Every structure is written in C-alpha cells, then in structure tokens.
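First the structure, in the form of structure tokens, and then the observations on it.
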Amino acid sequence: MKKKEIILKKDKILLLRIVVVLLLLVGIFGITFAFFKYAKSGKISNTLTTGSIIFNYNDASPTINLNNAFPINDIVGKTSSEYFDFNISGSIQGKAVINYEIYITPGVDNNLSEEFIKVYLTNSNNQPILGFDDKIPLYSELPISTSDNSGKRLYLGSFSSEDNIELNQTYRLRIWIDKNYEENNSNKQFSLNINVRAYN
C-alpha cells in the first residue's frame with residue numbers, strides 16, 4: 001500500500017504543479033492582453049466640430065422679379081440700380097470646413113424664356129464674382145446646381161477654421177432681359193429664387 005500511496009502522492013503533486021503552471025500562464029497572458037488593450041485605447045483623440053452658415057436678405061423674400069421689362073445691353077445691366085443684395089455669414093468651432101453653394105431656381109409663373117435672361121453676380125462693391133468676370137452668362141448657360149436639379153449654380157464657396165476668419169460676404173445679384181430679345185409683347189414675366197446650401 002505504501003507504493004500506491006507514494007504514486008498517488010506524486011500524481012497529486014504533478015497535478016498541482018500543472019494547475020499552478022496553467023494558472024500562472026493564464027494570469028500572465030491575461031494581464032499582458034489587458035495591458036495592450038488598455039494601451040491601445042485612449043490613443044485616439046475625439047474632437048467635436050460645429051459650424052453654421054446664415055443666409056440673410058433685406059427684402060420680404062429671396063425672389064427677384066422682372067415684370068414688363070425691356071431688353072438692355074450688358075453695360076447698362078451691369079450698372080443697373082435694380083439689384084438684390086444678400087449676405088452669407090458663418091462661423092466654425094473646432095477643425096472643420098464649410099462648403100456652400102449659391103444657386104437660383106426659376107419662379108412658377110415665368111412666361112419669358114431663360115435663354116434671354118442675363119445673370120450677373122458681384123460683391124457689394126460691384127466687383128464681379130469668379131465666373132462673372134469674363135462673360136455675363138444667360139440663365140440657361142449656368143451650370144446645374146448640385147443642390148437642386150431644377151436650379152442653376154451661381155457660386156461655390158468655402159471657409160475653414162484654419163482661415164482664422166469668420167465668413168461674412170455680401171453679394172449683389174442683377175438680372176435683365178438680353179438685348180437680343182426681339183418679341184414686342186410687354187406682358188412677359190420672369191422671376192427666380194436665390195438659395196444657399198451648406199455642406200461638408
């Protein structure tokens with residue numbers, strides 16, 4: 001019996017050693033895994049960014065109307081005292097870029113073709129905005145808006161927090177009937193709506 005007891009005792013010791021080694025291995029790997037997992041988290045910084053853009057105009061609505069107007073040449077149209085002023089302002093907190101599109105959409109009761117409507121966008125000092133400095137386009141020649149398929153793009157702009165300035169830009173829009181329009185019916189009407197859309 002002594003031999004059996006000695007063998008059992010050796011088996012117990014061996015089993016106890018195996019259990020201790022396994023516990024040590026699990027403990028070491030568990031601590032190592034937890035350390036690396038902890039070291040990995042916290043390396044990414046979270047930044048909250050916000051921005052806003054505001055579209056202001058002085059009239060009752062952002063609509064321009066041509067009623068019973070006569071055709072004029074571009075020199076007269078560019079200096080006309082009939083215009084629509086509007087302002088776009090914005091601010092950013094954090095790191096961000098705000099892109100915006102100024103676009104126009106046709107009114108509902110238009111009976112004058114957009115192929116005869118000239119469109120001219122300037123700043124408040126009557127300096128032409130990019131795209132209006134070489135040629136004064138007809139409404140029909142303007143590119144399609146990315147914000148509204150029924151609209152025409154006037155301008156794409158952007159500002160960012162890295163510019164260290166707040167956006168505050170006043171625009172002036174003039175429209176007139178092109179000098180090549182020859183129909184003598186004076187009951188023609190054309191209106192358009194000015195829109196601004198901000199996006200990232």
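Every chain in the structure tokens has a letter given in the order shown (A, B, ...), and although residue numbers restart at 1 in each chain, ligands are simply numbered from 1 in the order shown.
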
Report as JSON lines the residues of region 58-128 of chain A within 9 Å of region 162-183 of chain A, each with its shortest atom pair and distance in Å (one decimal), using only C-alpha atoms, ordered by chain and increasing residue number.
```
{"residue": "A:Ile64", "atom": "CA", "partner": "A:Ile175", "partner_atom": "CA", "distance": 8.1}
{"residue": "A:Asn65", "atom": "CA", "partner": "A:Ile175", "partner_atom": "CA", "distance": 8.8}
{"residue": "A:Leu66", "atom": "CA", "partner": "A:Trp176", "partner_atom": "CA", "distance": 7.4}
{"residue": "A:Ala69", "atom": "CA", "partner": "A:Ile177", "partner_atom": "CA", "distance": 7.2}
{"residue": "A:Phe70", "atom": "CA", "partner": "A:Ile177", "partner_atom": "CA", "distance": 6.5}
{"residue": "A:Pro71", "atom": "CA", "partner": "A:Ile177", "partner_atom": "CA", "distance": 4.6}
{"residue": "A:Ile72", "atom": "CA", "partner": "A:Lys179", "partner_atom": "CA", "distance": 4.8}
{"residue": "A:Asn73", "atom": "CA", "partner": "A:Lys179", "partner_atom": "CA", "distance": 5.1}
{"residue": "A:Asp74", "atom": "CA", "partner": "A:Asp178", "partner_atom": "CA", "distance": 7.7}
{"residue": "A:Gly77", "atom": "CA", "partner": "A:Trp176", "partner_atom": "CA", "distance": 6.2}
{"residue": "A:Lys78", "atom": "CA", "partner": "A:Arg174", "partner_atom": "CA", "distance": 7.3}
{"residue": "A:Thr79", "atom": "CA", "partner": "A:Arg174", "partner_atom": "CA", "distance": 8.9}
{"residue": "A:Ser80", "atom": "CA", "partner": "A:Arg174", "partner_atom": "CA", "distance": 7.6}
{"residue": "A:Ser81", "atom": "CA", "partner": "A:Arg174", "partner_atom": "CA", "distance": 8.8}
{"residue": "A:Glu82", "atom": "CA", "partner": "A:Arg174", "partner_atom": "CA", "distance": 6.8}
{"residue": "A:Tyr83", "atom": "CA", "partner": "A:Arg174", "partner_atom": "CA", "distance": 4.7}
{"residue": "A:Phe84", "atom": "CA", "partner": "A:Leu173", "partner_atom": "CA", "distance": 5.1}
{"residue": "A:Asp85", "atom": "CA", "partner": "A:Arg172", "partner_atom": "CA", "distance": 4.4}
{"residue": "A:Phe86", "atom": "CA", "partner": "A:Tyr171", "partner_atom": "CA", "distance": 5.4}
{"residue": "A:Asn87", "atom": "CA", "partner": "A:Thr170", "partner_atom": "CA", "distance": 4.2}
{"residue": "A:Ile88", "atom": "CA", "partner": "A:Gln169", "partner_atom": "CA", "distance": 5.4}
{"residue": "A:Ser89", "atom": "CA", "partner": "A:Asn168", "partner_atom": "CA", "distance": 4.2}
{"residue": "A:Gly90", "atom": "CA", "partner": "A:Leu167", "partner_atom": "CA", "distance": 4.8}
{"residue": "A:Ser91", "atom": "CA", "partner": "A:Glu166", "partner_atom": "CA", "distance": 5.2}
{"residue": "A:Ile92", "atom": "CA", "partner": "A:Glu166", "partner_atom": "CA", "distance": 7.5}
{"residue": "A:Lys95", "atom": "CA", "partner": "A:Glu162", "partner_atom": "CA", "distance": 7.3}
{"residue": "A:Ala96", "atom": "CA", "partner": "A:Glu162", "partner_atom": "CA", "distance": 8.1}
{"residue": "A:Val97", "atom": "CA", "partner": "A:Glu162", "partner_atom": "CA", "distance": 8.5}
{"residue": "A:Glu115", "atom": "CA", "partner": "A:Asp178", "partner_atom": "CA", "distance": 8.6}
{"residue": "A:Phe116", "atom": "CA", "partner": "A:Asp178", "partner_atom": "CA", "distance": 5.2}
{"residue": "A:Ile117", "atom": "CA", "partner": "A:Ile177", "partner_atom": "CA", "distance": 4.8}
{"residue": "A:Lys118", "atom": "CA", "partner": "A:Trp176", "partner_atom": "CA", "distance": 5.3}
{"residue": "A:Val119", "atom": "CA", "partner": "A:Ile175", "partner_atom": "CA", "distance": 4.7}
{"residue": "A:Tyr120", "atom": "CA", "partner": "A:Arg174", "partner_atom": "CA", "distance": 5.2}
{"residue": "A:Leu121", "atom": "CA", "partner": "A:Leu173", "partner_atom": "CA", "distance": 4.7}
{"residue": "A:Thr122", "atom": "CA", "partner": "A:Arg172", "partner_atom": "CA", "distance": 5.2}
{"residue": "A:Asn123", "atom": "CA", "partner": "A:Tyr171", "partner_atom": "CA", "distance": 4.4}
{"residue": "A:Ser124", "atom": "CA", "partner": "A:Tyr171", "partner_atom": "CA", "distance": 5.6}
{"residue": "A:Asn125", "atom": "CA", "partner": "A:Arg172", "partner_atom": "CA", "distance": 8.6}
{"residue": "A:Asn126", "atom": "CA", "partner": "A:Arg172", "partner_atom": "CA", "distance": 7.3}
```

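If only C-alpha atoms are the atoms counted, then among A:Leu192, A:Ile75, A:Val108, A:Ile102 the closest residue to Lys135 (chain A) is A:Ile75.
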
Judged by only C-alpha atoms, the minimum distance to Asn187 (chain A) among A:Leu112, A:Ile13, A:Val20, A:Leu154 is found for A:Leu112

- Those in region 57-184 of chain A with helix (DSSP H, G or I) from DSSP, as a VMD selection string: chain A and resid 74 to 78 114 to 116 139 to 141 161 to 163

Exercise. Of the candidates A:Asn111, A:Ile104, A:Phe159, A:Tyr139, which shows the shortest atom-to-atom distance to Asn67 (chain A), using only C-alpha atoms?
Worked result: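 Result for the nearest residue to Asn67 (chain A): A:Asn111.
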
Worksheet item: Mind pulling up the distance from CA of Lys10 (chain A) to CA of Leu22 (chain A)?
Response: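 For CA of Leu22 (chain A) relative to CA of Lys10 (chain A), the distance reads 18.2 Å.
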
Near Ser158 (chain A), counting only C-alpha atoms, which residues have an atom at most 9 Å away, once you skip same-chain residues fewer than 4 positions from it, shown as a CSV table (one decimal) with N, CA and C atoms, in the first residue's frame?
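Written output follows (result-v3.csv):
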```csv
chain,number,residue,atom,x,y,z
A,97,VAL,N,-14.4,72.5,-42.2
A,97,VAL,CA,-14.5,73.2,-43.5
A,97,VAL,C,-16.0,73.3,-43.8
A,98,ILE,N,-16.5,74.4,-44.1
A,98,ILE,CA,-17.9,74.5,-44.5
A,98,ILE,C,-17.9,75.0,-46.0
A,99,ASN,N,-18.5,74.2,-46.8
A,99,ASN,CA,-18.6,74.5,-48.3
A,99,ASN,C,-20.1,75.0,-48.4
A,100,TYR,N,-20.3,75.9,-49.4
A,100,TYR,CA,-21.6,76.3,-49.6
A,100,TYR,C,-21.8,76.6,-51.1
A,101,GLU,N,-23.0,76.5,-51.5
A,101,GLU,CA,-23.4,76.7,-52.9
A,101,GLU,C,-24.5,77.8,-52.9
A,167,LEU,N,-16.8,83.9,-41.8
A,167,LEU,CA,-17.3,84.3,-43.1
A,167,LEU,C,-18.3,85.4,-43.0
A,198,ALA,N,-25.4,74.8,-47.4
A,198,ALA,CA,-24.1,74.5,-46.8
A,198,ALA,C,-23.9,73.0,-46.8
```

Surrounding residues of Ser150 (chain A) excluding itself and chain neighbours under 6 positions, 12 Å, only C-alpha atoms, as an mmCIF file with C-alpha atoms, in the first residue's frame:
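So result_23.cif came out as:
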```cif
data_model
loop_
_atom_site.group_PDB
_atom_site.id
_atom_site.type_symbol
_atom_site.label_atom_id
_atom_site.label_comp_id
_atom_site.auth_asym_id
_atom_site.auth_seq_id
_atom_site.Cartn_x
_atom_site.Cartn_y
_atom_site.Cartn_z
ATOM 1 C CA TYR A 103 -27.922 78.737 -56.592
ATOM 2 C CA ILE A 104 -31.074 80.063 -58.205
ATOM 3 C CA THR A 105 -34.322 78.339 -59.093
ATOM 4 C CA PRO A 106 -36.951 79.623 -61.524
ATOM 5 C CA GLY A 107 -40.233 81.125 -60.319
ATOM 6 C CA VAL A 108 -43.573 79.435 -61.016
ATOM 7 C CA SER A 140 -29.696 78.910 -69.479
ATOM 8 C CA LEU A 142 -25.267 78.482 -65.947
ATOM 9 C CA PRO A 143 -24.248 75.015 -64.684
ATOM 10 C CA ILE A 144 -26.869 72.862 -62.993
ATOM 11 C CA LEU A 192 -36.112 83.488 -59.702
ATOM 12 C CA ASN A 193 -35.391 82.477 -56.113
ATOM 13 C CA ASN A 195 -30.877 79.802 -52.342
#
```
